[in-house]
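Visitor: Just so it is clear, I am handing over work_25.cif, which has mmCIF, C-alpha atoms and all ligand atoms.
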data_final
loop_
_atom_site.group_PDB
_atom_site.id
_atom_site.type_symbol
_atom_site.label_atom_id
_atom_site.label_comp_id
_atom_site.auth_asym_id
_atom_site.auth_seq_id
_atom_site.Cartn_x
_atom_site.Cartn_y
_atom_site.Cartn_z
ATOM 1 C CA MET A 1 -17.634 -13.182 78.655
ATOM 2 C CA ASN A 2 -19.849 -10.307 77.580
ATOM 3 C CA ASN A 3 -18.877 -8.634 74.358
ATOM 4 C CA LYS A 4 -19.593 -4.924 74.286
ATOM 5 C CA LYS A 5 -16.209 -3.967 72.878
ATOM 6 C CA SER A 6 -16.293 -0.366 71.776
ATOM 7 C CA ASN A 7 -15.307 0.793 68.296
ATOM 8 C CA VAL A 8 -13.850 4.000 69.753
ATOM 9 C CA VAL A 9 -10.119 4.573 69.283
ATOM 10 C CA LEU A 10 -8.346 7.102 71.489
ATOM 11 C CA VAL A 11 -5.086 8.402 70.001
ATOM 12 C CA THR A 12 -2.712 10.716 71.890
ATOM 13 C CA GLY A 13 -0.381 12.994 69.970
ATOM 14 C CA ALA A 14 -3.043 12.623 67.298
ATOM 15 C CA THR A 15 -2.027 15.595 65.161
ATOM 16 C CA GLY A 16 1.678 14.727 64.924
ATOM 17 C CA GLY A 17 3.394 12.925 62.074
ATOM 18 C CA ILE A 18 2.659 9.356 63.144
ATOM 19 C CA GLY A 19 -0.496 10.289 65.106
ATOM 20 C CA LYS A 20 -2.274 11.718 62.078
ATOM 21 C CA SER A 21 -1.547 8.602 60.017
ATOM 22 C CA ILE A 22 -2.868 6.398 62.823
ATOM 23 C CA VAL A 23 -6.039 8.496 63.074
ATOM 24 C CA ASN A 24 -6.630 8.373 59.322
ATOM 25 C CA LYS A 25 -5.980 4.630 59.208
ATOM 26 C CA TYR A 26 -8.675 3.914 61.816
ATOM 27 C CA ALA A 27 -11.075 6.487 60.361
ATOM 28 C CA GLY A 28 -10.790 4.705 57.003
ATOM 29 C CA GLN A 29 -11.871 1.478 58.702
ATOM 30 C CA GLY A 30 -15.023 3.035 60.173
ATOM 31 C CA PHE A 31 -13.827 3.485 63.750
ATOM 32 C CA THR A 32 -14.875 6.475 65.852
ATOM 33 C CA LEU A 33 -11.873 8.609 66.746
ATOM 34 C CA ALA A 34 -11.148 10.374 70.018
ATOM 35 C CA ILE A 35 -8.472 12.865 69.023
ATOM 36 C CA ALA A 36 -6.194 13.882 71.898
ATOM 37 C CA ASP A 37 -3.468 16.471 71.459
ATOM 38 C CA ARG A 38 -2.374 19.672 73.141
ATOM 39 C CA ASP A 39 -2.615 21.462 69.780
ATOM 40 C CA GLU A 40 -6.338 22.225 69.796
ATOM 41 C CA ASP A 41 -6.419 23.995 66.417
ATOM 42 C CA GLU A 42 -4.756 21.098 64.608
ATOM 43 C CA ALA A 43 -6.957 18.627 66.488
ATOM 44 C CA ASN A 44 -10.099 20.469 65.383
ATOM 45 C CA LYS A 45 -8.834 20.595 61.801
ATOM 46 C CA LEU A 46 -8.209 16.842 61.789
ATOM 47 C CA ALA A 47 -11.604 16.031 63.360
ATOM 48 C CA ASN A 48 -13.381 18.303 60.862
ATOM 49 C CA GLU A 49 -11.680 16.568 57.946
ATOM 50 C CA ILE A 50 -12.817 13.160 59.232
ATOM 51 C CA ASN A 51 -16.367 14.296 59.978
ATOM 52 C CA HIS A 52 -16.667 15.942 56.537
ATOM 53 C CA ASN A 53 -15.637 12.655 54.942
ATOM 54 C CA ASP A 54 -18.462 10.718 56.623
ATOM 55 C CA GLY A 55 -16.281 9.534 59.498
ATOM 56 C CA LYS A 56 -16.770 10.210 63.179
ATOM 57 C CA ALA A 57 -14.273 12.087 65.335
ATOM 58 C CA MET A 58 -14.314 14.209 68.474
ATOM 59 C CA VAL A 59 -11.561 16.343 69.979
ATOM 60 C CA PHE A 60 -10.325 15.886 73.561
ATOM 61 C CA SER A 61 -7.521 18.399 73.665
ATOM 62 C CA GLY A 62 -5.252 18.843 76.650
ATOM 63 C CA ASP A 63 -1.729 18.653 77.967
ATOM 64 C CA LEU A 64 -0.379 15.257 79.004
ATOM 65 C CA LEU A 65 1.772 17.071 81.579
ATOM 66 C CA ASP A 66 -1.468 17.683 83.479
ATOM 67 C CA GLN A 67 -2.105 14.656 85.708
ATOM 68 C CA SER A 68 -5.827 15.260 86.019
ATOM 69 C CA TYR A 69 -6.206 15.504 82.227
ATOM 70 C CA CYS A 70 -4.535 12.082 81.947
ATOM 71 C CA ASP A 71 -6.541 10.550 84.783
ATOM 72 C CA ASN A 72 -9.885 11.800 83.439
ATOM 73 C CA LEU A 73 -9.411 11.385 79.695
ATOM 74 C CA ILE A 74 -10.700 7.807 79.486
ATOM 75 C CA SER A 75 -13.896 8.596 81.408
ATOM 76 C CA GLU A 76 -14.389 11.775 79.335
ATOM 77 C CA VAL A 77 -14.204 9.739 76.136
ATOM 78 C CA GLN A 78 -16.433 7.059 77.607
ATOM 79 C CA THR A 79 -19.044 9.621 78.596
ATOM 80 C CA LYS A 80 -19.036 11.402 75.237
ATOM 81 C CA LEU A 81 -18.493 8.477 72.851
ATOM 82 C CA GLY A 82 -19.741 5.480 74.824
ATOM 83 C CA GLY A 83 -16.489 3.595 75.461
ATOM 84 C CA VAL A 84 -12.840 3.124 74.573
ATOM 85 C CA GLY A 85 -12.031 -0.093 72.722
ATOM 86 C CA ILE A 86 -8.553 0.831 71.532
ATOM 87 C CA LEU A 87 -6.008 3.153 73.148
ATOM 88 C CA ILE A 88 -2.937 4.307 71.245
ATOM 89 C CA ASN A 89 -0.280 5.972 73.403
ATOM 90 C CA ASN A 90 1.485 7.806 70.623
ATOM 91 C CA ALA A 91 2.430 11.246 72.004
ATOM 92 C CA GLY A 92 6.105 11.552 72.724
ATOM 93 C CA PHE A 93 8.831 14.017 73.543
ATOM 94 C CA MET A 94 12.429 13.742 72.365
ATOM 95 C CA SER A 95 15.190 15.283 74.412
ATOM 96 C CA ARG A 96 18.657 15.056 72.917
ATOM 97 C CA GLY A 97 22.102 14.743 74.489
ATOM 98 C CA ASP A 98 24.154 12.536 76.780
ATOM 99 C CA ILE A 99 23.601 12.551 80.546
ATOM 100 C CA THR A 100 25.799 15.613 81.180
ATOM 101 C CA GLN A 101 23.675 17.573 78.693
ATOM 102 C CA THR A 102 20.353 16.470 80.205
ATOM 103 C CA SER A 103 18.724 19.065 82.453
ATOM 104 C CA ASP A 104 16.224 18.448 85.244
ATOM 105 C CA GLU A 105 13.584 19.901 82.928
ATOM 106 C CA ASP A 106 14.501 17.466 80.114
ATOM 107 C CA TYR A 107 14.274 14.615 82.610
ATOM 108 C CA GLU A 108 10.920 15.711 83.984
ATOM 109 C CA LEU A 109 9.284 16.403 80.619
ATOM 110 C CA SER A 110 10.511 13.135 79.134
ATOM 111 C CA MET A 111 9.370 11.031 82.086
ATOM 112 C CA LYS A 112 5.992 12.745 82.268
ATOM 113 C CA ILE A 113 5.093 12.598 78.579
ATOM 114 C CA ASN A 114 6.716 9.296 77.587
ATOM 115 C CA VAL A 115 6.113 7.230 80.738
ATOM 116 C CA GLU A 116 3.750 8.807 83.270
ATOM 117 C CA ALA A 117 1.025 9.787 80.783
ATOM 118 C CA PRO A 118 0.761 6.267 79.255
ATOM 119 C CA PHE A 119 0.815 4.835 82.806
ATOM 120 C CA ARG A 120 -2.108 7.040 83.877
ATOM 121 C CA LEU A 121 -4.112 6.458 80.701
ATOM 122 C CA ILE A 122 -3.641 2.693 80.773
ATOM 123 C CA ARG A 123 -4.472 2.514 84.483
ATOM 124 C CA ALA A 124 -7.776 4.232 83.737
ATOM 125 C CA ALA A 125 -8.461 2.217 80.576
ATOM 126 C CA ILE A 126 -8.023 -1.300 81.969
ATOM 127 C CA PRO A 127 -11.208 -1.415 84.113
ATOM 128 C CA VAL A 128 -13.253 0.148 81.302
ATOM 129 C CA MET A 129 -11.987 -2.364 78.742
ATOM 130 C CA ALA A 130 -12.314 -5.295 81.155
ATOM 131 C CA LYS A 131 -15.941 -4.390 81.825
ATOM 132 C CA ALA A 132 -16.627 -4.265 78.086
ATOM 133 C CA GLY A 133 -15.163 -7.739 77.553
ATOM 134 C CA GLY A 134 -11.769 -6.679 76.217
ATOM 135 C CA GLY A 135 -9.790 -4.129 74.302
ATOM 136 C CA SER A 136 -6.426 -3.361 72.840
ATOM 137 C CA ILE A 137 -3.637 -0.930 73.664
ATOM 138 C CA VAL A 138 -0.681 -0.069 71.458
ATOM 139 C CA ASN A 139 2.194 1.989 72.827
ATOM 140 C CA ILE A 140 4.578 3.786 70.516
ATOM 141 C CA SER A 141 7.979 2.992 71.962
ATOM 142 C CA SER A 142 11.102 3.072 69.790
ATOM 143 C CA CYS A 143 13.839 0.736 68.620
ATOM 144 C CA TRP A 144 15.970 2.976 70.861
ATOM 145 C CA GLY A 145 13.915 1.614 73.755
ATOM 146 C CA ILE A 146 15.284 -1.850 72.961
ATOM 147 C CA ASN A 147 18.873 -0.916 72.139
ATOM 148 C CA PRO A 148 20.162 2.603 72.796
ATOM 149 C CA GLY A 149 20.878 5.076 70.043
ATOM 150 C CA PRO A 150 23.786 7.434 70.697
ATOM 151 C CA ASN A 151 23.490 10.634 72.756
ATOM 152 C CA HIS A 152 19.778 10.494 73.565
ATOM 153 C CA LEU A 153 20.091 9.314 77.167
ATOM 154 C CA ILE A 154 16.734 10.280 78.589
ATOM 155 C CA TYR A 155 14.750 9.555 75.404
ATOM 156 C CA CYS A 156 16.152 6.009 75.245
ATOM 157 C CA THR A 157 15.556 5.533 78.991
ATOM 158 C CA THR A 158 11.902 6.537 78.781
ATOM 159 C CA LYS A 159 11.236 4.465 75.663
ATOM 160 C CA ALA A 160 12.839 1.456 77.401
ATOM 161 C CA ALA A 161 10.533 2.077 80.372
ATOM 162 C CA LEU A 162 7.532 2.134 78.056
ATOM 163 C CA ALA A 163 8.722 -1.099 76.430
ATOM 164 C CA ALA A 164 9.111 -2.786 79.825
ATOM 165 C CA MET A 165 5.708 -1.480 80.910
ATOM 166 C CA THR A 166 4.181 -2.964 77.737
ATOM 167 C CA LYS A 167 5.628 -6.410 78.423
ATOM 168 C CA CYS A 168 4.357 -6.400 82.029
ATOM 169 C CA LEU A 169 0.916 -5.198 80.976
ATOM 170 C CA GLY A 170 0.693 -7.688 78.114
ATOM 171 C CA ARG A 171 1.164 -10.487 80.586
ATOM 172 C CA ASP A 172 -0.978 -9.075 83.417
ATOM 173 C CA HIS A 173 -4.112 -8.308 81.398
ATOM 174 C CA ALA A 174 -4.295 -10.996 78.707
ATOM 175 C CA HIS A 175 -6.711 -12.928 80.958
ATOM 176 C CA GLN A 176 -9.124 -9.982 80.659
ATOM 177 C CA ASN A 177 -8.941 -10.178 76.862
ATOM 178 C CA ILE A 178 -7.001 -6.907 76.810
ATOM 179 C CA ARG A 179 -4.005 -7.147 74.500
ATOM 180 C CA ILE A 180 -1.220 -4.650 75.061
ATOM 181 C CA ASN A 181 1.664 -4.357 72.629
ATOM 182 C CA ALA A 182 4.173 -1.784 71.432
ATOM 183 C CA VAL A 183 5.685 -0.787 68.146
ATOM 184 C CA CYS A 184 9.352 0.156 68.127
ATOM 185 C CA PRO A 185 10.131 2.155 64.995
ATOM 186 C CA ASN A 186 13.529 3.254 63.801
ATOM 187 C CA GLU A 187 13.652 6.659 62.046
ATOM 188 C CA VAL A 188 10.292 7.949 60.738
ATOM 189 C CA ASN A 189 9.822 10.965 58.472
ATOM 190 C CA THR A 190 7.931 13.265 60.893
ATOM 191 C CA PRO A 191 8.325 16.719 62.441
ATOM 192 C CA MET A 192 10.102 15.105 65.434
ATOM 193 C CA LEU A 193 12.890 13.813 63.193
ATOM 194 C CA ARG A 194 12.965 16.831 60.874
ATOM 195 C CA THR A 195 13.249 19.411 63.679
ATOM 196 C CA GLY A 196 16.239 17.466 65.003
ATOM 197 C CA PHE A 197 18.016 18.093 61.700
ATOM 198 C CA GLU A 198 16.980 21.758 61.690
ATOM 199 C CA ILE A 199 18.372 22.231 65.222
ATOM 200 C CA ARG A 200 21.691 20.893 63.943
ATOM 201 C CA GLY A 201 21.600 23.355 61.028
ATOM 202 C CA LEU A 202 20.939 20.701 58.389
ATOM 203 C CA ASN A 203 18.410 20.748 55.562
ATOM 204 C CA PRO A 204 15.870 18.051 56.584
ATOM 205 C CA ASP A 205 15.257 16.833 53.005
ATOM 206 C CA ASP A 206 18.978 16.428 52.318
ATOM 207 C CA ALA A 207 19.560 14.793 55.699
ATOM 208 C CA ILE A 208 16.714 12.320 55.127
ATOM 209 C CA GLU A 209 18.016 11.521 51.647
ATOM 210 C CA LYS A 210 21.340 10.618 53.252
ATOM 211 C CA LEU A 211 19.655 8.679 56.060
ATOM 212 C CA ASN A 212 17.675 6.679 53.484
ATOM 213 C CA GLN A 213 20.968 5.186 52.296
ATOM 214 C CA SER A 214 21.578 3.680 55.735
ATOM 215 C CA VAL A 215 18.378 1.629 55.654
ATOM 216 C CA PRO A 216 18.559 -1.797 53.965
ATOM 217 C CA ILE A 217 15.033 -1.475 52.532
ATOM 218 C CA GLY A 218 16.079 1.834 50.940
ATOM 219 C CA HIS A 219 14.246 4.533 52.886
ATOM 220 C CA ILE A 220 13.361 5.592 56.414
ATOM 221 C CA ALA A 221 9.773 4.860 57.421
ATOM 222 C CA GLU A 222 6.865 7.015 56.346
ATOM 223 C CA PRO A 223 4.205 7.462 59.071
ATOM 224 C CA ASP A 224 1.731 5.207 57.213
ATOM 225 C CA GLU A 225 4.201 2.340 57.504
ATOM 226 C CA ILE A 226 3.925 2.640 61.291
ATOM 227 C CA ALA A 227 0.143 3.177 61.321
ATOM 228 C CA ASP A 228 -0.429 -0.047 59.360
ATOM 229 C CA VAL A 229 1.365 -2.099 62.034
ATOM 230 C CA VAL A 230 -0.422 -0.296 64.877
ATOM 231 C CA SER A 231 -3.760 -1.060 63.248
ATOM 232 C CA PHE A 232 -2.785 -4.721 62.736
ATOM 233 C CA LEU A 233 -1.756 -5.116 66.390
ATOM 234 C CA SER A 234 -5.110 -3.843 67.613
ATOM 235 C CA SER A 235 -7.064 -6.001 65.157
ATOM 236 C CA ASN A 236 -8.479 -9.481 65.496
ATOM 237 C CA GLU A 237 -5.743 -10.689 63.124
ATOM 238 C CA ALA A 238 -3.329 -10.172 66.034
ATOM 239 C CA ARG A 239 -5.589 -11.816 68.610
ATOM 240 C CA TYR A 240 -2.821 -14.018 70.060
ATOM 241 C CA ILE A 241 -0.189 -11.244 70.330
ATOM 242 C CA CYS A 242 0.197 -9.899 73.870
ATOM 243 C CA GLY A 243 3.096 -7.960 75.383
ATOM 244 C CA SER A 244 5.128 -7.917 72.153
ATOM 245 C CA LEU A 245 7.580 -5.250 71.064
ATOM 246 C CA VAL A 246 7.371 -5.090 67.295
ATOM 247 C CA GLU A 247 10.414 -3.502 65.659
ATOM 248 C CA ILE A 248 9.652 -1.600 62.471
ATOM 249 C CA ASN A 249 13.021 -0.797 60.978
ATOM 250 C CA GLY A 250 13.283 -1.638 57.263
ATOM 251 C CA GLY A 251 16.138 -3.958 58.190
ATOM 252 C CA LYS A 252 18.101 -1.269 60.068
ATOM 253 C CA ALA A 253 18.554 -2.690 63.535
ATOM 254 C CA VAL A 254 20.171 -0.788 66.399
ATOM 255 C CA TYR A 255 22.995 -2.636 68.155
HETATM 256 N N1 LIG B 301 9.806 10.117 64.298
HETATM 257 C C1 LIG B 301 10.590 9.126 64.638
HETATM 258 O O1 LIG B 301 11.665 8.927 64.038
HETATM 259 C C2 LIG B 301 10.202 8.175 65.731
HETATM 260 C C3 LIG B 301 10.893 6.966 65.875
HETATM 261 C C4 LIG B 301 10.533 6.087 66.887
HETATM 262 C C5 LIG B 301 9.488 6.403 67.747
HETATM 263 N N2 LIG B 301 8.828 7.590 67.590
HETATM 264 C C6 LIG B 301 7.736 7.878 68.535
HETATM 265 O O2 LIG B 301 6.538 8.025 67.807
HETATM 266 C C7 LIG B 301 5.641 8.886 68.522
HETATM 267 C C8 LIG B 301 5.105 9.965 67.599
HETATM 268 O O3 LIG B 301 6.215 10.742 67.155
HETATM 269 P P1 LIG B 301 6.194 11.705 65.895
HETATM 270 O O4 LIG B 301 7.476 11.500 65.214
HETATM 271 O O5 LIG B 301 4.920 11.568 65.142
HETATM 272 O O6 LIG B 301 6.281 13.110 66.651
HETATM 273 P P2 LIG B 301 5.594 14.515 66.376
HETATM 274 O O7 LIG B 301 6.465 15.484 67.077
HETATM 275 O O8 LIG B 301 5.296 14.689 64.941
HETATM 276 O O9 LIG B 301 4.201 14.379 67.152
HETATM 277 C C9 LIG B 301 4.110 14.333 68.546
HETATM 278 C C10 LIG B 301 2.700 14.740 68.941
HETATM 279 O O10 LIG B 301 2.580 14.644 70.371
HETATM 280 C C11 LIG B 301 1.923 15.817 70.846
HETATM 281 N N3 LIG B 301 2.394 16.109 72.196
HETATM 282 C C12 LIG B 301 3.671 16.311 72.598
HETATM 283 N N4 LIG B 301 3.709 16.659 73.887
HETATM 284 C C13 LIG B 301 2.414 16.665 74.321
HETATM 285 C C14 LIG B 301 1.801 16.950 75.566
HETATM 286 N N5 LIG B 301 2.519 17.339 76.623
HETATM 287 N N6 LIG B 301 0.462 16.854 75.665
HETATM 288 C C15 LIG B 301 -0.287 16.495 74.595
HETATM 289 N N7 LIG B 301 0.232 16.228 73.378
HETATM 290 C C16 LIG B 301 1.574 16.309 73.252
HETATM 291 C C17 LIG B 301 2.355 16.920 69.889
HETATM 292 O O11 LIG B 301 1.440 18.018 69.911
HETATM 293 C C18 LIG B 301 2.369 16.198 68.556
HETATM 294 O O12 LIG B 301 1.115 16.239 67.914
HETATM 295 C C19 LIG B 301 6.442 9.437 69.704
HETATM 296 O O13 LIG B 301 6.135 8.713 70.877
HETATM 297 C C20 LIG B 301 7.883 9.180 69.289
HETATM 298 O O14 LIG B 301 8.747 9.085 70.396
HETATM 299 C C21 LIG B 301 9.132 8.472 66.602
#
Would you write the structure of this file as C-alpha cells?
Guide:
Amino acid sequence: MNNKKSNVVLVTGATGGIGKSIVNKYAGQGFTLAIADRDEDEANKLANEINHNDGKAMVFSGDLLDQSYCDNLISEVQTKLGGVGILINNAGFMSRGDITQTSDEDYELSMKINVEAPFRLIRAAIPVMAKAGGGSIVNISSCWGINPGPNHLIYCTTKAALAAMTKCLGRDHAHQNIRINAVCPNEVNTPMLRTGFEIRGLNPDDAIEKLNQSVPIGHIAEPDEIADVVSFLSSNEARYICGSLVEINGGKAVY
C-alpha cells in the first residue's frame, strides 16, 4: 500500500469550545490545520494565533447547512493544503425539548448539522484518504447518542445516528486503512452547555459548580479532556481501533 498520508487535519466547528481545544492539540503536535467554522472572524483569529506561533493553519469558513460547502470542503482543503489525513466532525447543534416541543426547524437544523454534514464530509473524504493509503476520522457524538438524556429528543436522535454511522463506517473502511471512531462525551464546559443554563435563567458558573458534584471524578469535562482522546484515536497508538464509540464521562454514565 502506498503511504502518502497527509498531516492535514480538518476540524469543523473549529472555533467552538471543544473545537478550539482540538485545533490547539493538533497544532501543538506539528499538524497543519484546516479550520472550518461559520464564524469567519473567530476562525481567522484562531488561524492567526497558530501561524504566529510557528504552526500552520488555513481558514475554510462556511455554513454546514449549505450542501455544496459540505460536498466541496474536502477537495478545497486538498487543493490548498495538499490532502486531508484526519477529519474531525466536531460541529454540532443542540435543540432542547421533548418531541411536542420540537419544531420542524429544530428537526431540520439538527439533522443537517449533526448528521447530514458529517455524512457529506465523510463521503468526500473516503476516496481521498483511500488514495493516500489511509486516514482517520473522529466524530463527536455524545453519551446521549448511546443512552438518551431527558428532554432533548432530536439532539439525542441525531447523536445516536452519528454513533450508528460511525460503527458502520468503522467496519466498511478498515480494509482501506481508514479508521473511523467517535467520542461520546458527557457534559463539557463549553458555550453550548453554558448557554443552556443562561436560557433557563441560571448563572452558568453556579450551575456548573452544582453539576460538578454529580460527576464521580469530581468535575464535568474541560474541552482539553475531550481533545486528548480525539487526538489519541486518530494517532498510531490507536491503530487497531475502528468503529468504536468512546465514552468520556468521568464515571458519570447515562442510563
Ligand atoms: N458541550 C457539551 O456538553 C457536549 C457534550 C457532548 C457532545 N458535545 C458535542 O461536541 C461538539 C462541540 O460542541 P461544543 O460544546 O464545543 O459547542 P460550541 O457551541 O462551543 O461549538 C460549536 C461550533 O460549531 C459551529 N457551528 C454550529 N453550526 C454550524 C454550521 N451550521 N456551520 C458551521 N459551523 C457551525 C459553531 O460556530 C461553533 O464554533 C458538538 O458536536 C456537540 O454536540 C458537546
Visitor: At a cut-off of 12 Å around the point (3.7, 4.7, 58.4) (file coordinates), what residues fall inside when counting only C-alpha atoms? I'd like the answer as an MDAnalysis selection string.
Guide: chainID A and resid 17:25 183 185:190 219:231 248:250
Visitor: As a PyMOL selection string, please: every protein or nucleic acid residue near ligand LIG 301 (chain B) (cut-off 6 Å, counting all atoms listed in the file).
Guide: chain A and resi 13-19+37-39+62-65+90-93+113+140-142+185-193
Visitor: Would you save the residues of that selection, restricted to C-alpha atoms, as a compact mmCIF listing (two decimals), in the coordinates of the input?
Guide:
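out28.txt, written as the output of this step:
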# COMPACT_ATOMS: atom_id res chain seq x y z
CA GLY A 13 -0.38 12.99 69.97
CA ALA A 14 -3.04 12.62 67.30
CA THR A 15 -2.03 15.60 65.16
CA GLY A 16 1.68 14.73 64.92
CA GLY A 17 3.39 12.92 62.07
CA ILE A 18 2.66 9.36 63.14
CA GLY A 19 -0.50 10.29 65.11
CA ASP A 37 -3.47 16.47 71.46
CA ARG A 38 -2.37 19.67 73.14
CA ASP A 39 -2.62 21.46 69.78
CA GLY A 62 -5.25 18.84 76.65
CA ASP A 63 -1.73 18.65 77.97
CA LEU A 64 -0.38 15.26 79.00
CA LEU A 65 1.77 17.07 81.58
CA ASN A 90 1.48 7.81 70.62
CA ALA A 91 2.43 11.25 72.00
CA GLY A 92 6.10 11.55 72.72
CA PHE A 93 8.83 14.02 73.54
CA ILE A 113 5.09 12.60 78.58
CA ILE A 140 4.58 3.79 70.52
CA SER A 141 7.98 2.99 71.96
CA SER A 142 11.10 3.07 69.79
CA PRO A 185 10.13 2.15 65.00
CA ASN A 186 13.53 3.25 63.80
CA GLU A 187 13.65 6.66 62.05
CA VAL A 188 10.29 7.95 60.74
CA ASN A 189 9.82 10.96 58.47
CA THR A 190 7.93 13.26 60.89
CA PRO A 191 8.32 16.72 62.44
CA MET A 192 10.10 15.10 65.43
CA LEU A 193 12.89 13.81 63.19
Visitor: With the file shown as input, list the residues that the PyMOL selection byres (((chain A and resi 67-69) around 12) and not hetatm) selects, as a list in words.
Guide: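 Selected by the PyMOL selection byres (((chain A and resi 67-69) around 12) and not hetatm) here: Thr12, Ala36, Asp37, Arg38, Phe60, Ser61, Gly62, Asp63, Leu64, Leu65, Asp66, Cys70, Asp71, Asn72, Leu73, Ile74, Ser75, Glu76, Val77, Lys112, Ile113, Glu116, Ala117, Pro118, Phe119, Arg120, Leu121 and Ala124 of chain A.
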Visitor: To one decimal place in Å, what is the distance between atom CA of A:Ala43 and atom CA of A:Asn181?
Guide: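 Between atom CA of A:Ala43 and atom CA of A:Asn181 the gap is 25.3 Å.
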Visitor: Please give the centre and size of the box around stretch 24-33 of chain A (axis-aligned, containing every atom listed in the file, 5 Å added per side), with values in Å to one decimal and written as JSON.
Guide:
{"center_x": -10.5, "center_y": 5.0, "center_z": 61.9, "size_x": 19.0, "size_y": 17.1, "size_z": 19.7}
Visitor: Considering all atoms listed in the file, can you say which of A:Leu202, A:Val59, A:Ala130, A:Ala253 comes closest to A:Ile217?
Guide: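 Among the listed residues, A:Ala253 lies closest to A:Ile217.
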Visitor: For A:Asn51, find every residue with an atom within 12 Å (counting only C-alpha atoms), except residues of its own chain fewer than 5 positions away, and show them as a list in words.
Guide: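 Near neighbours after the sequence-gap exclusion: Asn24, Ala27, Gly28, Gly30, Phe31, Thr32, Leu33, Ala34, Asn44, Lys45, Leu46, Lys56, Ala57, Met58 and Val59 of chain A.
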Visitor: Residues picked by the PyMOL selection byres (((chain A and resi 242) around 10) and not hetatm) here, as JSON, numbers by chain?
Guide: {"A": [136, 137, 166, 167, 168, 169, 170, 171, 172, 173, 174, 177, 178, 179, 180, 181, 182, 233, 238, 239, 240, 241, 243, 244, 245]}
Visitor: What gap, in Å, lies between atom CA of A:Val138 and atom CA of A:Ser234?
Guide: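 A separation of 7.0 Å between them.
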Visitor: Quick check on the file I pasted: which residues fall under the PyMOL selection byres (((chain A and resi 6) around 6) and not hetatm)? Write them as a ChimeraX atom specification.
Guide: /A:5,7-8,83-85
Visitor: Calculate how many Å separate atom CA of A:Val215 from atom CA of A:Val254, rounding to one decimal.
Guide: 11.2 Å
Visitor: From the options A:Asn236, A:Gly218, A:Thr195, A:Ile154, which residue's atoms come nearest to A:Gly251, counting all atoms listed in the file?
Guide: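 When distances to A:Gly251 are compared using all atoms listed in the file, the smallest one comes from A:Gly218.
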Visitor: Which residues, written as a list of chain:residue names, have at least one atom at most 10 Å from A:Thr157, with only C-alpha atoms counted and residues fewer than 3 positions away on the same chain left out?
Guide: A:Tyr107, A:Ser110, A:Met111, A:Asn114, A:Val115, A:Trp144, A:Gly145, A:Ile146, A:Asn147, A:Pro148, A:His152, A:Leu153, A:Ile154, A:Ala160, A:Ala161, A:Leu162, A:Ala163
Visitor: Hey, which of A:Gln78, A:Asn139, A:Gln213, A:Thr158 ends up closest to A:Pro127? Count all atoms listed in the file.
Guide: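 That would be A:Gln78, the residue with the smallest distance to A:Pro127.
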Visitor: Starting from the incomplete input, reconstruct N, CA and C atoms of stretch 174-186 of chain A and write that as a compact mmCIF listing (two decimals), keeping the file's coordinate frame.
Guide:
# COMPACT_ATOMS: atom_id res chain seq x y z
N ALA A 174 -3.81 -10.11 79.78
CA ALA A 174 -4.30 -11.00 78.71
C ALA A 174 -5.53 -11.76 79.17
N HIS A 175 -5.58 -12.13 80.44
CA HIS A 175 -6.71 -12.93 80.96
C HIS A 175 -8.02 -12.14 80.92
N GLN A 176 -7.91 -10.80 80.77
CA GLN A 176 -9.12 -9.98 80.66
C GLN A 176 -9.46 -9.69 79.19
N ASN A 177 -8.76 -10.39 78.31
CA ASN A 177 -8.94 -10.18 76.86
C ASN A 177 -8.52 -8.76 76.45
N ILE A 178 -7.56 -8.21 77.18
CA ILE A 178 -7.00 -6.91 76.81
C ILE A 178 -5.58 -7.18 76.34
N ARG A 179 -5.34 -6.89 75.07
CA ARG A 179 -4.00 -7.15 74.50
C ARG A 179 -3.23 -5.84 74.44
N ILE A 180 -2.03 -5.86 74.99
CA ILE A 180 -1.22 -4.65 75.06
C ILE A 180 0.12 -4.94 74.40
N ASN A 181 0.43 -4.16 73.39
CA ASN A 181 1.66 -4.36 72.63
C ASN A 181 2.30 -3.01 72.34
N ALA A 182 3.51 -3.04 71.82
CA ALA A 182 4.17 -1.78 71.43
C ALA A 182 4.81 -1.94 70.06
N VAL A 183 4.86 -0.83 69.35
CA VAL A 183 5.68 -0.79 68.15
C VAL A 183 6.96 -0.02 68.48
N CYS A 184 8.05 -0.45 67.86
CA CYS A 184 9.35 0.16 68.13
C CYS A 184 9.97 0.55 66.79
N PRO A 185 9.60 1.74 66.29
CA PRO A 185 10.13 2.15 65.00
C PRO A 185 11.58 2.63 65.08
N ASN A 186 12.27 2.51 63.97
CA ASN A 186 13.53 3.25 63.80
C ASN A 186 13.13 4.62 63.23
